[in-house]
Structures are given as C-alpha cells and as structure tokens.
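Here the structure is laid out as structure tokens; the discussion comes afterwards.
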Amino acid sequence: MKNKKVAEMLDQIADLLEFHGQVVFKINAYRKASRVISEMTEDLEQVWKQGRLAEIPGVGKGLQAHIDEFFKTGDIRQRQELLDQSPRELFDLLAVQNFGPKTAALAFRELGVQSLADLQQVIDDGRLAELPGMGEKRVANIRKGLQTLQTAGERVSIGVATPLCQTVMDYLREQSEAQLGRLSPAGSLRRGKESVHDIDLVAETENGANLIQRFVSMPGVTRILGAGDTKGSILFNDRIQIDLRAVPPSSYGAALQYFTGSKEHNVRLREIARAAGYKINEYGIFQAEKNVGGRREEEIYEALGMSWIPPELREDRGEIESALQGKLPELITFEDMKAELHVHSAYSDGQLTLEEMARHVADMGYDYMSFCDHSQSARYANGMEIPRLKEQMDAIRRLNKKMAPFTVLCGVEVDIRADGSLDYSDEVLAELDFVVASIHSAFKTDPTERTIQAMRNPYVDVIGHPTGRLISRREGFAIDLNRILQVGAETGTALEINSYWDRLDLGDINARAAVQAGVKLSINTDAHSPEHLAMVHFGIATARRGWVRKEDVINCLPLSRFKKWQKRSRL
DNA sequence: GCCGTTTTCGGCCCGACTGTTTTCAGTCG
C-alpha cells in the first residue's frame with residue numbers, strides 16, 4: 001500500500017506551497033486530499049489502475065494528474081521543483097512553534113536559513129531580530145519553540161493523557177468551586193483518539209480571567225504559552241500542551257462543540273451553516289445577528305436540522321451526511337459489554353491468580369469472561385505446556401462453582417507460528433471454550449497468509465491484535481487487511497480491538513472497514529493486571545470512532561448466544 | 001485546487017492571542 005506515501009507527498013506539497021505564499025485554498029485542497037487518502041483502507045494503487053481516482057472526494061483533475069505521475073515515475077515533479085527552491089530542512093523548520101511559513105520564508109530569503117542549526121545561529125547572533133516585523137519577544141518565542149521541538153512535538157497516548165486530564169480537572173474544581181460550572185475535556189481526547197497532540201478543556205464560568213489565572217499558575221506548569229480573558233494555554237511538565245477555554249453559560253455548548261473539533265468536522269459544519277444562512281462560532285449559532293443556540297452542544301446540531309453527533313464520529317468521514325439523513329449509527333457503549341474475553345493470569349505472564357483476577361473482572365459488571373493465557377511456544381511470556389493447560393482447565397472448572405452465576409471460560413491465546421500452524425493441536429483446542437489466535441513472532445514472515453490460515457481453523461474464534469502495531473514503538477506488520485476481511489466474512493472469525501493503550505489494534509479506520517465487510521469484532525483488554533481492565537474504555541472509544549454498534553461486537557452477546565455464535569457450535 | 005437543490009465562476013470557517021504595528025499580520029487551533 002502506497003497510500004501513506006502519496007498522502008505524505010501531497011502534504012509536503014501543501015507545506016511547500018504555503019512556504020511559497022500560495023493562496024490558502026489551494027493549500028487546503030492538497031491537505032484535504034492528503035487526509036482522505038491517508039484514511040482510505042482501499043489500496044490507492046488499485047483505485048488508480050482501475051481509473052477510479054476521480055471517485056475520491058477532494059481529488060479533482062489536478063491531483064489526479066499528480067497521483068498518476070507518482071505511480072508512473074515514483075515522484076511528483078512539482079514537489080521536486082518546489083523542494084529545489086526551499087530550505088533544505090523546510091519540514092523540520094515548519095515544526096518549530098511560533099515559526100510559521102511566512103517567517104520561515106523571510107528568514108530563508110534574507111538570511112539563507114536552511115536548517116534548524118541555521119535558525120539557532122541567526123537567533124543567537126541577533127540577525128533574526130533585525131528583520132522587519134521581528135522583535136525581541138517574537139525571537140524569544142521562536143527560541144523556545146526550537147528548544148521544545150523534541151519533547152513537546154510528540155503525540156501523547158490516550159492512556160497517558162486521560163488520567164492527566166482528570167488530574168487537571170480535579171485541580172480546577174478544587175480551586176474554583178464557587179465560580180466553575182460545567183467542565184469537560186474537548187479536542188481529540190474527547191473524540192477518543194488513540195493519541196493526542198494536546199489536551200483541551202472547556203469550562204463554564206462568569207469569571208474567565210480569574211479561572212485562566214488559576215489554570216496557568218497550577219503546579220506542573222513549565223511554561224505559559226498564552227493567558228487571556230477566555231483562553232489559557234500552558235506547557236505541562238515540558239511535555240504536553242494543555243489549553244483551557246473559559247466561557248459564560250450561554251456559550252458553553254458552542255464552545256464545547258467548537259473546541260472538540262475535529263477541525264475538518266467544524267469546517268464542514270460551518271459550510272453547511274453558512275449555506276443555510278447561519279453562522280457558527282464558539283459563542284453560539286447565529287441567524288443574521290440573532291443567537292439561536294449555544295448553551296448546549298445539541299442546539300448547534302439541531303439548528304442545522306441534524307441530530308447531535310457523538311464526538312468520536314466528528315472527523316468529516318460522512319457523519320454529517322448521516323446526521324442530516326437521520327441515519328447515525330447507535331454506537332456501542334460500555335454498558336452494552338457483557339464479557340471480557342482476553343485476560344491473562346499467573347498461569348502465563350499475568351500478575352494475579354485465576355480467582356483474584358476473575359473477581360476483578362466480575363467487579364467491572366460483566367456476566368462472563370475468558371482467560372486466554374499464552375500457549376507453549378511463547379517462552380518469553382511463560383507459555384503453558386499442555387499439562388499446565390490441563391491443570392488450568394481443572395482450576396477454572398472449580399472456580400466456576402465458586403463464582404456462579406458469573407461464568408469463567410477457559411480460553412487460550414494461541415500463537416500463530418511462523419509456518420502458519422497453531423501452537424496447540426486441534427484436539428487440544430477442541431477442549432477449550434474459546435480461542436484467540438495471535439502472531440507474536442516472525443512478524444515479517446507472511447503475516448497475511450498465516451492469519452488467514454488461523455482463521456480457517458474451526459476452533460479459532462478471534463484473531464488477537466490483528467496488525468501487531470505498537471503505537472509508541474512499531475508499525476503494524478504488513479498485512480493485507482482487505483483479504484483478511486474477506487476471509488473473516490467467509491469463516492465467521494472475529495477480529496480483536498485490543499484495548500491496551502499502546503495497541504488499540506484494530507484501530508478506528510480498520511475497525512470500520514471490518515464492520516462494513518460484515519466481520520464481527522471482539523473488544524478486549526488483554527489485561528495482565530487488574531488495573532488494565534479499565535482500558536476497555538479506550539477500546540470502546542476506538543470502536544465508536546469506527547462506527548461500531550453493539551450488534552457488531554461478540555462481547556455484547558449474552559453467554560448463550562455467544563456460544564451459538566462460535567464456529568464449533570456449527571460443526 | 002476543488003466544487004455546485006442558490007454557482008461551471010467565484011466562492012472556499014472563524015476567532016483568540018501576540019507582537020509588532022499606527023491599523024494589522026502571523027500563528028495557532
């Protein structure tokens with residue numbers, strides 16, 4: 001799949017055009033096409049071969065020509081030409097906060113700034129400050145931007161951002177009890193994205209200036225990026241930016257809508273509003289000068305003739321059209337979940353005994369669960385030889401007597417070996433209640449074929465973490481998802497949404513493709529200790545971002561129906 | 001560069017904050 005490569009090139013052209021002062025509308029056209037292509041699950045090269053590029057939203061004649069050129073020659077000439085007239089490290093330079101395309105162009109033209117090192121040099125020797133429109137403070141801000149390029153530029157996992165956001169919200173509540181009304185996360189965190197660039201908060205208050213002051217002076221603030229009457233922005237522990245927007249009650253809904261984004265969703269929404277004679281901003285929705293809503297977020301959507309759109313869907317991936325037609329999916333919620341199906345115990349590499357762990361799972365409110373400890377060849381994870389597996393099966397039978405009506409299934413996470421065979425024989429698998437098959441080794445050896453082979457096994461219920469990605473460490477293995485989805489639809493094998501924050505695998509876009517292909521999903525935490533169990537909320541957020549309904553998820557089946565769903569019951 | 005139940009040309013979301021200004025451009029979200 002060259003989708004990512006093409007998207008990256010189009011994005012680079014957007015950066016280059018911006019640097020060269022092109023009109024923003026052209027730049028935005030490139031960025032939009034880049035985003036749409038990066039979110040496609042279909043192989044762009046196939047679409048190109050079939051002459052269907054024009055079907056891609058945002059891709060017109062000009063961009064079709066670029067894409068065509070890329071697949072024929074491996075590059076886009078315009079990109080090369082622009083690169084030749086630009087600083088060597090343009091993309092790095094543009095990543096510096098407070099150093100935008102206009103300033104970069106000025107520094108390049110007047111001082112020959114080509115690289116981050118050049119930029120540091122002209123800051124230090126004072127030449128940058130002498131340019132027109134520059135001054136001491138602007139240069140100081142650019143210097144800070146350069147310093148934090150490494151730390152502050154990286155995305156932070158939802159697993160890190162969520163508790164931090166809660167801490168900040170608790171602090172604001174404590175400090176400002178009397179004058180603080182509604183308070184909510186916004187931005188990509190509220191949309192449930194797997195990683196976030198910053199944390200956004202919206203607060204309801206009549207005294208914004210005061211709240212902003214408390215916010216920017218809270219412990220952990222290592223830099224104040226801005227502090228006005230309605231908006232404060234800080235760097236927390238030199239690592240993550242947190243923005244707080246403070247608005248009066250009459251604007252809270254509008255501000256929450258605006259600040260939740262995504263940017264692309266808001267742009268589409270405002271286009272529709274404008275066409276219908278409305279104007280939306282963070283203070284409300286207006287018809288002529290008349291405020292027709294803004295206290296609650298729902299009012300914005302209702303004024304435009306659509307139902308309220310769950311934040312997880314707000315990515316301009318068709319949710320606005322669906323909302324206008326009243327056809328939004330009813331997304332899965334945690335309350336729909338009847339079971340946790342992938343939990344480890346001390347029989348392999350989990351922390352707790354079966355009973356300890358099972359009690360924690362039951363406390364989550366589920367009706368049943370499945371232990372899925374590792375199979376024999378997973379040496380690194382204390383995988384179970386067959387005698388120990390049998391021992392575990394007996395122990396689980398005894399446990400069920402103690403814990404009824406809560407039901408504990410005896411499952412396994414069986415390794416898919418390098419040759420595509422499974423790590424236990426069919427005879428052994430047949431004795432188990434539930435089987436997750438996962439690739440844990442030989443990532444580069446034909447992962448698609450091995451996965452497909454596992455799916456064809458009658459005892460395999462679920463493919464665990466199907467792409468093998470680790471968000472902070474590695475790309476997934478190169479699987480052909482469309483083929484896997486085809487086979488999944490044939491065999492009835494489900495794919496996992498592994499909720500562990502560093503996996504979230506399948507991700508939102510792939511999960512959506514699975515549902516569209518008619519493949520069931522299984523949302524699990526892969527918990528190795530009790531505190532992991534709460535990560536199910538990240539998995540559910542990811543599923544919701546993938547337009548997943550409870551009907552699509554086997555964990556939402558009552559136990560009796562779950563058993564009927566399994567392939568073995570149809571053998 | 002894209003796109004059309006108001007358009008095949010003329011639009012394209014909207015505002016806060018900052019720093020440099022002398023009325024506003026640049027950056028950011």
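Within each chain, counting starts at residue 1; across the structure tokens, chains are named A, B, ... in the order shown, with ligands numbered 1 upward in that order.
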Taking only C-alpha atoms (C1' of nucleotides) into account, produce a table as CSV in which each residue of chain B with an atom at most 9 Å from an atom of chain A appears once, together with its shortest atom pair and the distance in Å to one decimal, ordered by chain and rising number.
```
residue,atom,partner,partner_atom,distance
B:DG1,C1',A:Lys26,CA,4.8
B:DC2,C1',A:Gly58,CA,6.2
B:DC3,C1',A:Gly58,CA,8.7
B:DT6,C1',A:Ala275,CA,8.7
B:DC12,C1',A:Phe25,CA,6.4
B:DC13,C1',A:Val267,CA,5.3
B:DC14,C1',A:Asn281,CA,6.2
B:DG15,C1',A:Asn281,CA,7.6
B:DA16,C1',A:Lys231,CA,7.3
B:DC17,C1',A:Gly226,CA,7.0
B:DT18,C1',A:Gly226,CA,8.4
B:DG19,C1',A:Arg138,CA,6.8
B:DT20,C1',A:Gly133,CA,6.1
B:DT21,C1',A:Gly133,CA,8.6
B:DA25,C1',A:Gly133,CA,8.9
B:DG26,C1',A:Lys102,CA,7.3
B:DT27,C1',A:Asn98,CA,6.2
B:DC28,C1',A:Asn98,CA,8.4
B:DG29,C1',A:Lys263,CA,8.0
```
Those in stretch 250-496 of chain A with strand (DSSP E or B) from DSSP, as a PyMOL selection string:
chain A and resi 278-281+284-287+290-293+331+339-343+368-375+384+407-416+422+434-438+462-463+470+474+494-496
If we count only C-alpha atoms (C1' of nucleotides), what is near A:Leu53 at a cut-off of 12 Å, once residues fewer than 2 positions away on the same chain are taken out, given as number ranges by chain?
A: 33, 36-37, 42-51, 55-68
For the selection just defined, write its residues with N, CA, C and O atoms to a file, as a CSV table (one decimal), in the first residue's frame.
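The file below, result_19.csv, is the result:
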```csv
chain,number,residue,atom,x,y,z
A,33,ALA,N,-7.0,16.4,0.5
A,33,ALA,CA,-6.8,15.2,-0.3
A,33,ALA,C,-5.9,14.2,0.4
A,33,ALA,O,-6.0,13.0,0.5
A,36,VAL,N,-7.8,12.5,3.2
A,36,VAL,CA,-8.7,11.5,2.7
A,36,VAL,C,-8.0,10.2,2.3
A,36,VAL,O,-8.4,9.1,2.6
A,37,ILE,N,-6.9,10.4,1.6
A,37,ILE,CA,-6.1,9.3,1.1
A,37,ILE,C,-5.5,8.5,2.3
A,37,ILE,O,-5.5,7.3,2.3
A,42,GLU,N,-8.8,1.1,1.2
A,42,GLU,CA,-8.6,0.6,-0.1
A,42,GLU,C,-7.2,1.0,-0.6
A,42,GLU,O,-6.8,2.1,-0.3
A,43,ASP,N,-6.6,0.1,-1.4
A,43,ASP,CA,-5.3,0.4,-1.9
A,43,ASP,C,-5.4,1.4,-3.1
A,43,ASP,O,-6.0,1.2,-4.1
A,44,LEU,N,-4.7,2.6,-2.8
A,44,LEU,CA,-4.8,3.7,-3.8
A,44,LEU,C,-4.3,3.2,-5.2
A,44,LEU,O,-4.9,3.6,-6.2
A,45,GLU,N,-3.3,2.4,-5.2
A,45,GLU,CA,-2.7,2.0,-6.5
A,45,GLU,C,-3.8,1.2,-7.3
A,45,GLU,O,-3.8,1.3,-8.5
A,46,GLN,N,-4.6,0.4,-6.6
A,46,GLN,CA,-5.6,-0.4,-7.3
A,46,GLN,C,-6.7,0.6,-7.8
A,46,GLN,O,-7.1,0.4,-9.0
A,47,VAL,N,-7.0,1.6,-7.0
A,47,VAL,CA,-8.0,2.6,-7.5
A,47,VAL,C,-7.5,3.3,-8.7
A,47,VAL,O,-8.2,3.5,-9.7
A,48,TRP,N,-6.2,3.6,-8.7
A,48,TRP,CA,-5.6,4.2,-9.8
A,48,TRP,C,-5.6,3.3,-11.1
A,48,TRP,O,-6.0,3.8,-12.1
A,49,LYS,N,-5.2,2.1,-10.9
A,49,LYS,CA,-5.2,1.1,-12.0
A,49,LYS,C,-6.6,1.0,-12.6
A,49,LYS,O,-6.7,0.8,-13.8
A,50,GLN,N,-7.6,1.1,-11.8
A,50,GLN,CA,-9.0,0.9,-12.3
A,50,GLN,C,-9.6,2.2,-12.8
A,50,GLN,O,-10.8,2.3,-13.1
A,51,GLY,N,-8.7,3.3,-12.8
A,51,GLY,CA,-9.2,4.6,-13.3
A,51,GLY,C,-10.3,5.2,-12.5
A,51,GLY,O,-11.2,5.9,-13.0
A,55,GLU,N,-13.2,9.3,-8.1
A,55,GLU,CA,-14.3,9.0,-7.1
A,55,GLU,C,-13.8,9.4,-5.7
A,55,GLU,O,-14.7,9.5,-4.8
A,56,ILE,N,-12.6,9.7,-5.5
A,56,ILE,CA,-12.1,10.1,-4.2
A,56,ILE,C,-12.5,11.5,-3.9
A,56,ILE,O,-12.1,12.4,-4.7
A,57,PRO,N,-13.2,11.8,-2.8
A,57,PRO,CA,-13.6,13.2,-2.5
A,57,PRO,C,-12.4,14.1,-2.3
A,57,PRO,O,-11.4,13.7,-1.6
A,58,GLY,N,-12.4,15.2,-3.0
A,58,GLY,CA,-11.3,16.2,-2.8
A,58,GLY,C,-10.2,16.0,-3.8
A,58,GLY,O,-9.2,16.7,-3.9
A,59,VAL,N,-10.3,14.9,-4.7
A,59,VAL,CA,-9.3,14.7,-5.7
A,59,VAL,C,-10.0,15.1,-7.1
A,59,VAL,O,-10.9,14.4,-7.6
A,60,GLY,N,-9.5,16.2,-7.7
A,60,GLY,CA,-10.0,16.6,-9.0
A,60,GLY,C,-9.0,16.3,-10.0
A,60,GLY,O,-8.1,15.5,-9.9
A,61,LYS,N,-9.1,17.1,-11.1
A,61,LYS,CA,-8.2,16.9,-12.3
A,61,LYS,C,-6.7,17.0,-11.9
A,61,LYS,O,-5.9,16.2,-12.2
A,62,GLY,N,-6.4,18.1,-11.2
A,62,GLY,CA,-5.0,18.4,-10.9
A,62,GLY,C,-4.4,17.4,-10.0
A,62,GLY,O,-3.2,16.9,-10.3
A,63,LEU,N,-5.1,17.0,-9.0
A,63,LEU,CA,-4.5,16.0,-8.1
A,63,LEU,C,-4.4,14.6,-8.7
A,63,LEU,O,-3.5,13.8,-8.4
A,64,GLN,N,-5.4,14.3,-9.6
A,64,GLN,CA,-5.4,13.0,-10.3
A,64,GLN,C,-4.1,13.0,-11.1
A,64,GLN,O,-3.4,11.9,-11.2
A,65,ALA,N,-3.7,14.1,-11.7
A,65,ALA,CA,-2.5,14.1,-12.6
A,65,ALA,C,-1.3,13.8,-11.7
A,65,ALA,O,-0.4,13.1,-12.1
A,66,HIS,N,-1.3,14.4,-10.5
A,66,HIS,CA,-0.1,14.2,-9.6
A,66,HIS,C,0.0,12.7,-9.2
A,66,HIS,O,1.0,12.2,-9.2
A,67,ILE,N,-1.2,12.2,-8.8
A,67,ILE,CA,-1.2,10.8,-8.3
A,67,ILE,C,-0.8,9.8,-9.5
A,67,ILE,O,0.0,8.9,-9.3
A,68,ASP,N,-1.3,10.1,-10.7
A,68,ASP,CA,-0.9,9.4,-11.9
A,68,ASP,C,0.6,9.4,-12.1
A,68,ASP,O,1.2,8.4,-12.3
```
Residues of stretch 391-455 of chain A in alpha helix (DSSP H) according to DSSP, as a count of residues only?
28
Skip A:Met403 itself and residues of its chain fewer than 5 positions away, then list as a VMD selection string all residues within 12 Å of it, counting only C-alpha atoms (C1' of nucleotides).
chain A and resid 354 to 356 358 to 363 367 to 369 396 to 398 408 to 409
Separation of atom CA of A:Val412 from atom CA of A:His374 in Å:
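Between these atoms lies a distance of 6.3 Å.
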